[in-house]
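Beneath this line is the structure, given in structure tokens, with notes to follow.
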Amino acid sequence: MMKKICLLLGLLICCIEAKTQIISTLAGAGGSNAYLDGPASIARFSSPTSIATHTNGDVYVADPINNKIRKISGGNVTTFCGTGVAGNTDGNNSLATLDHPKYITIDQYGNLYVSAHDRIRQIDPSGNVTTIVTPTTIASVLFQNGRLG
């Protein structure tokens, strides 16, 4: 099995096939910042900052200017999470709001973890968004461990 390594290049999402060392555009039309879902060749991103690759080949992209997490799958780009309005509303991924999601990672169970402004959010495989770390929880842990107070 050939392993693909995906990376961000400006406004394009590119993949390198490790064995053959071929770089190709996975998604993004390039050009100025924008937002457009659809076929990967015409999709537009606005300053993507991070990607996470699922074992099934799907690629998730943090698109902070658009306040969304985008999904690249089967040659198409869709909005996976976020309404486009900055916020911290939990719930279903089509209704939840994100505040400039910057970094993402994925675990072996398919849960996405998103660093969005001052919070860590979890998106489970069913698309449910939950806030798991806030500034208050960080301060509480530091206080309990004698680092504050």
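A note on labels: chains of the structure tokens are A, B, ... as shown, every chain counts residues from 1, and ligands are counted from 1 in their shown order.
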Neighbours of Gly91 in chain A within 10 Å (only C-alpha atoms; same-chain residues fewer than 2 positions away dropped), as number ranges by chain? A: 88-89, 93-97, 123, 127-131
Interface rows for range 62-110 of chain A against range 46-56 of chain A: nearest pair, Å to one decimal, 10 Å, only C-alpha atoms, as a tab-separated table:
```
residue	atom	partner	partner_atom	distance
A:Ala62	CA	A:Ser50	CA	5.2
A:Asp63	CA	A:Pro48	CA	4.6
A:Pro64	CA	A:Pro48	CA	6.6
A:Ile65	CA	A:Ser46	CA	5.8
A:Asn66	CA	A:Ser46	CA	6.5
A:Asn67	CA	A:Ser46	CA	9.6
A:Lys68	CA	A:Pro48	CA	9.9
A:Ile69	CA	A:Ile51	CA	9.4
A:Arg70	CA	A:Ile51	CA	9.4
A:Lys71	CA	A:Ile51	CA	9.6
A:Ile72	CA	A:Thr53	CA	9.5
A:Ser73	CA	A:Asn56	CA	9.3
A:Pro101	CA	A:Thr49	CA	8.6
A:Lys102	CA	A:Thr49	CA	5.7
A:Tyr103	CA	A:Ser50	CA	5.2
A:Ile104	CA	A:Ser50	CA	6.1
A:Thr105	CA	A:Ala52	CA	5.1
A:Ile106	CA	A:Ala52	CA	6.1
A:Asp107	CA	A:His54	CA	8.4
A:Gln108	CA	A:Thr55	CA	8.1
A:Tyr109	CA	A:His54	CA	9.4
A:Gly110	CA	A:His54	CA	6.9
```
If we count only C-alpha atoms and set the cut-off at 6 Å, which residues sit around His117 in chain A, ignoring sequence neighbours fewer than 2 positions away in its own chain? Please answer as a ChimeraX atom specification. /A:99-100,119
Can you check which residues of range 7-137 of chain A DSSP gives as helix (DSSP H, G or I) on the backbone and send them as a ChimeraX atom specification? /A:64-66,135-137
Would you mind exporting N, CA and C atoms of the selected residues as a PDB file, in the first residue's frame?
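Saved file selection.pdb follows:
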```pdb
ATOM      1  N   PRO A  64      -9.834  28.582   9.025  1.00  0.00           N
ATOM      2  CA  PRO A  64     -10.188  29.508  10.104  1.00  0.00           C
ATOM      3  C   PRO A  64     -10.899  30.788   9.667  1.00  0.00           C
ATOM      4  N   ILE A  65     -10.537  31.339   8.547  1.00  0.00           N
ATOM      5  CA  ILE A  65     -11.172  32.584   8.108  1.00  0.00           C
ATOM      6  C   ILE A  65     -12.654  32.346   7.825  1.00  0.00           C
ATOM      7  N   ASN A  66     -12.974  31.155   7.328  1.00  0.00           N
ATOM      8  CA  ASN A  66     -14.364  30.798   7.049  1.00  0.00           C
ATOM      9  C   ASN A  66     -15.070  30.181   8.254  1.00  0.00           C
ATOM     10  N   PRO A 135     -10.995  28.053  28.734  1.00  0.00           N
ATOM     11  CA  PRO A 135     -10.071  28.761  29.632  1.00  0.00           C
ATOM     12  C   PRO A 135     -10.372  28.473  31.105  1.00  0.00           C
ATOM     13  N   THR A 136     -11.631  28.285  31.453  1.00  0.00           N
ATOM     14  CA  THR A 136     -12.011  27.993  32.836  1.00  0.00           C
ATOM     15  C   THR A 136     -11.477  26.634  33.275  1.00  0.00           C
ATOM     16  N   THR A 137     -11.571  25.615  32.407  1.00  0.00           N
ATOM     17  CA  THR A 137     -11.069  24.290  32.794  1.00  0.00           C
ATOM     18  C   THR A 137      -9.549  24.294  32.926  1.00  0.00           C
TER      19      THR A 137
END
```
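Among the candidates A:Ile22, A:Ile132, A:Ala43, A:Ala116, the residue lying nearest to Gly87 in chain A is A:Ala116 (atoms considered: only C-alpha atoms).
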A:Ile120, A:Leu98, A:Ala86, A:Ala40 ranked by distance to Gly74 in chain A, top pick (using only C-alpha atoms):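 Among A:Ile120, A:Leu98, A:Ala86, A:Ala40, it is A:Ala40 that comes nearest to Gly74 in chain A.
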Could you tell me, as a PyMOL selection string, which residues of range 28-149 of chain A DSSP assigns to strand (DSSP E) when given the backbone? chain A and resi 38-39+50-53+59-63+68-73+76-81+91-92+101-106+112-116+119-123+128-133
Requested write-out: N, CA and C atoms of the selected residues, as a short mmCIF file (atom, residue, chain, number, x, y, z; two decimals), in the first residue's frame:
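Listing of out-v7.cif after writing:
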```cif
data_model
loop_
_atom_site.label_atom_id
_atom_site.label_comp_id
_atom_site.auth_asym_id
_atom_site.auth_seq_id
_atom_site.Cartn_x
_atom_site.Cartn_y
_atom_site.Cartn_z
N GLY A 38 -17.39 21.88 -3.41
CA GLY A 38 -17.67 21.28 -4.72
C GLY A 38 -16.51 20.42 -5.16
N PRO A 39 -16.42 20.17 -6.47
CA PRO A 39 -15.31 19.36 -6.97
C PRO A 39 -13.97 19.93 -6.50
N SER A 50 -4.29 23.80 8.88
CA SER A 50 -3.95 22.48 9.39
C SER A 50 -4.79 21.43 8.69
N ILE A 51 -4.24 20.21 8.60
CA ILE A 51 -4.97 19.09 8.01
C ILE A 51 -4.84 17.86 8.90
N ALA A 52 -5.82 16.97 8.79
CA ALA A 52 -5.78 15.68 9.47
C ALA A 52 -6.32 14.64 8.49
N THR A 53 -5.67 13.50 8.43
CA THR A 53 -6.05 12.46 7.49
C THR A 53 -6.62 11.26 8.23
N VAL A 59 -9.65 13.62 4.09
CA VAL A 59 -8.75 14.64 4.62
C VAL A 59 -9.61 15.79 5.15
N TYR A 60 -9.33 16.21 6.37
CA TYR A 60 -10.04 17.32 7.01
C TYR A 60 -9.11 18.52 7.04
N VAL A 61 -9.67 19.70 6.79
CA VAL A 61 -8.89 20.92 6.68
C VAL A 61 -9.47 21.99 7.60
N ALA A 62 -8.61 22.59 8.41
CA ALA A 62 -9.03 23.73 9.23
C ALA A 62 -9.02 24.97 8.33
N ASP A 63 -10.16 25.63 8.24
CA ASP A 63 -10.34 26.81 7.39
C ASP A 63 -10.79 27.97 8.29
N LYS A 68 -14.77 27.19 9.59
CA LYS A 68 -15.28 25.88 9.21
C LYS A 68 -14.17 24.84 9.21
N ILE A 69 -14.59 23.59 9.34
CA ILE A 69 -13.73 22.43 9.05
C ILE A 69 -14.26 21.86 7.75
N ARG A 70 -13.38 21.69 6.78
CA ARG A 70 -13.77 21.18 5.47
C ARG A 70 -13.30 19.74 5.33
N LYS A 71 -14.00 18.96 4.51
CA LYS A 71 -13.68 17.56 4.29
C LYS A 71 -13.45 17.32 2.81
N ILE A 72 -12.33 16.67 2.50
CA ILE A 72 -12.02 16.29 1.13
C ILE A 72 -12.19 14.78 1.04
N SER A 73 -13.13 14.34 0.22
CA SER A 73 -13.42 12.92 0.10
C SER A 73 -13.98 12.63 -1.29
N ASN A 76 -14.30 15.48 -3.83
CA ASN A 76 -15.16 16.63 -3.52
C ASN A 76 -14.77 17.26 -2.19
N VAL A 77 -15.00 18.56 -2.09
CA VAL A 77 -14.80 19.30 -0.85
C VAL A 77 -16.17 19.70 -0.34
N THR A 78 -16.43 19.38 0.96
CA THR A 78 -17.67 19.77 1.59
C THR A 78 -17.36 20.43 2.93
N THR A 79 -18.33 21.15 3.45
CA THR A 79 -18.20 21.69 4.80
C THR A 79 -18.56 20.57 5.76
N PHE A 80 -17.61 20.18 6.61
CA PHE A 80 -17.87 19.12 7.58
C PHE A 80 -18.46 19.69 8.87
N CYS A 81 -18.00 20.86 9.27
CA CYS A 81 -18.48 21.46 10.51
C CYS A 81 -18.34 22.96 10.45
N GLY A 91 -23.16 20.97 19.44
CA GLY A 91 -24.32 20.33 18.83
C GLY A 91 -23.93 19.60 17.56
N ASN A 92 -24.90 19.37 16.70
CA ASN A 92 -24.68 18.71 15.42
C ASN A 92 -23.73 19.54 14.57
N PRO A 101 -11.16 28.01 13.74
CA PRO A 101 -10.44 26.75 14.00
C PRO A 101 -9.07 26.77 13.32
N LYS A 102 -8.03 26.52 14.10
CA LYS A 102 -6.68 26.65 13.55
C LYS A 102 -5.95 25.33 13.39
N TYR A 103 -6.01 24.47 14.41
CA TYR A 103 -5.30 23.20 14.36
C TYR A 103 -6.28 22.05 14.54
N ILE A 104 -6.06 20.95 13.81
CA ILE A 104 -6.91 19.77 13.95
C ILE A 104 -6.04 18.52 13.96
N THR A 105 -6.56 17.51 14.62
CA THR A 105 -5.95 16.19 14.59
C THR A 105 -7.07 15.17 14.71
N ILE A 106 -6.76 13.93 14.44
CA ILE A 106 -7.77 12.88 14.48
C ILE A 106 -7.21 11.68 15.24
N LEU A 112 -12.37 13.93 15.68
CA LEU A 112 -11.55 15.09 15.34
C LEU A 112 -11.42 15.97 16.57
N TYR A 113 -10.24 16.52 16.79
CA TYR A 113 -10.01 17.49 17.86
C TYR A 113 -9.59 18.79 17.20
N VAL A 114 -10.27 19.85 17.58
CA VAL A 114 -10.10 21.13 16.91
C VAL A 114 -9.71 22.20 17.93
N SER A 115 -8.63 22.90 17.65
CA SER A 115 -8.25 24.06 18.46
C SER A 115 -8.89 25.27 17.79
N ALA A 116 -9.87 25.84 18.50
CA ALA A 116 -10.61 26.97 17.94
C ALA A 116 -10.61 28.12 18.94
N ARG A 119 -10.44 27.36 22.88
CA ARG A 119 -11.10 26.12 23.27
C ARG A 119 -10.59 24.94 22.46
N ILE A 120 -10.75 23.76 23.04
CA ILE A 120 -10.53 22.52 22.29
C ILE A 120 -11.90 21.88 22.13
N ARG A 121 -12.25 21.57 20.89
CA ARG A 121 -13.55 20.97 20.58
C ARG A 121 -13.33 19.57 20.04
N GLN A 122 -14.26 18.69 20.32
CA GLN A 122 -14.23 17.33 19.79
C GLN A 122 -15.43 17.14 18.87
N ILE A 123 -15.17 16.56 17.70
CA ILE A 123 -16.24 16.21 16.77
C ILE A 123 -16.19 14.70 16.62
N ASN A 128 -21.22 15.02 16.17
CA ASN A 128 -21.59 15.78 17.36
C ASN A 128 -20.39 16.56 17.87
N VAL A 129 -20.57 17.86 18.07
CA VAL A 129 -19.50 18.75 18.51
C VAL A 129 -19.67 19.02 20.00
N THR A 130 -18.56 18.83 20.75
CA THR A 130 -18.55 19.05 22.19
C THR A 130 -17.31 19.85 22.56
N THR A 131 -17.48 20.83 23.42
CA THR A 131 -16.34 21.57 23.94
C THR A 131 -15.74 20.76 25.08
N ILE A 132 -14.44 20.45 25.00
CA ILE A 132 -13.82 19.65 26.05
C ILE A 132 -12.82 20.43 26.89
N VAL A 133 -12.30 21.54 26.39
CA VAL A 133 -11.39 22.38 27.17
C VAL A 133 -11.74 23.84 26.91
#
```
To one decimal in Å, tell me the separation between CA of Gly75 in chain A and CA of Ser126 in chain A. 21.4 Å
All residues 6 Å or closer to Arg44 in chain A, only C-alpha atoms, same chain fewer than 6 positions away omitted, as JSON, numbers by chain: {"A": [28, 29, 34, 35, 36]}
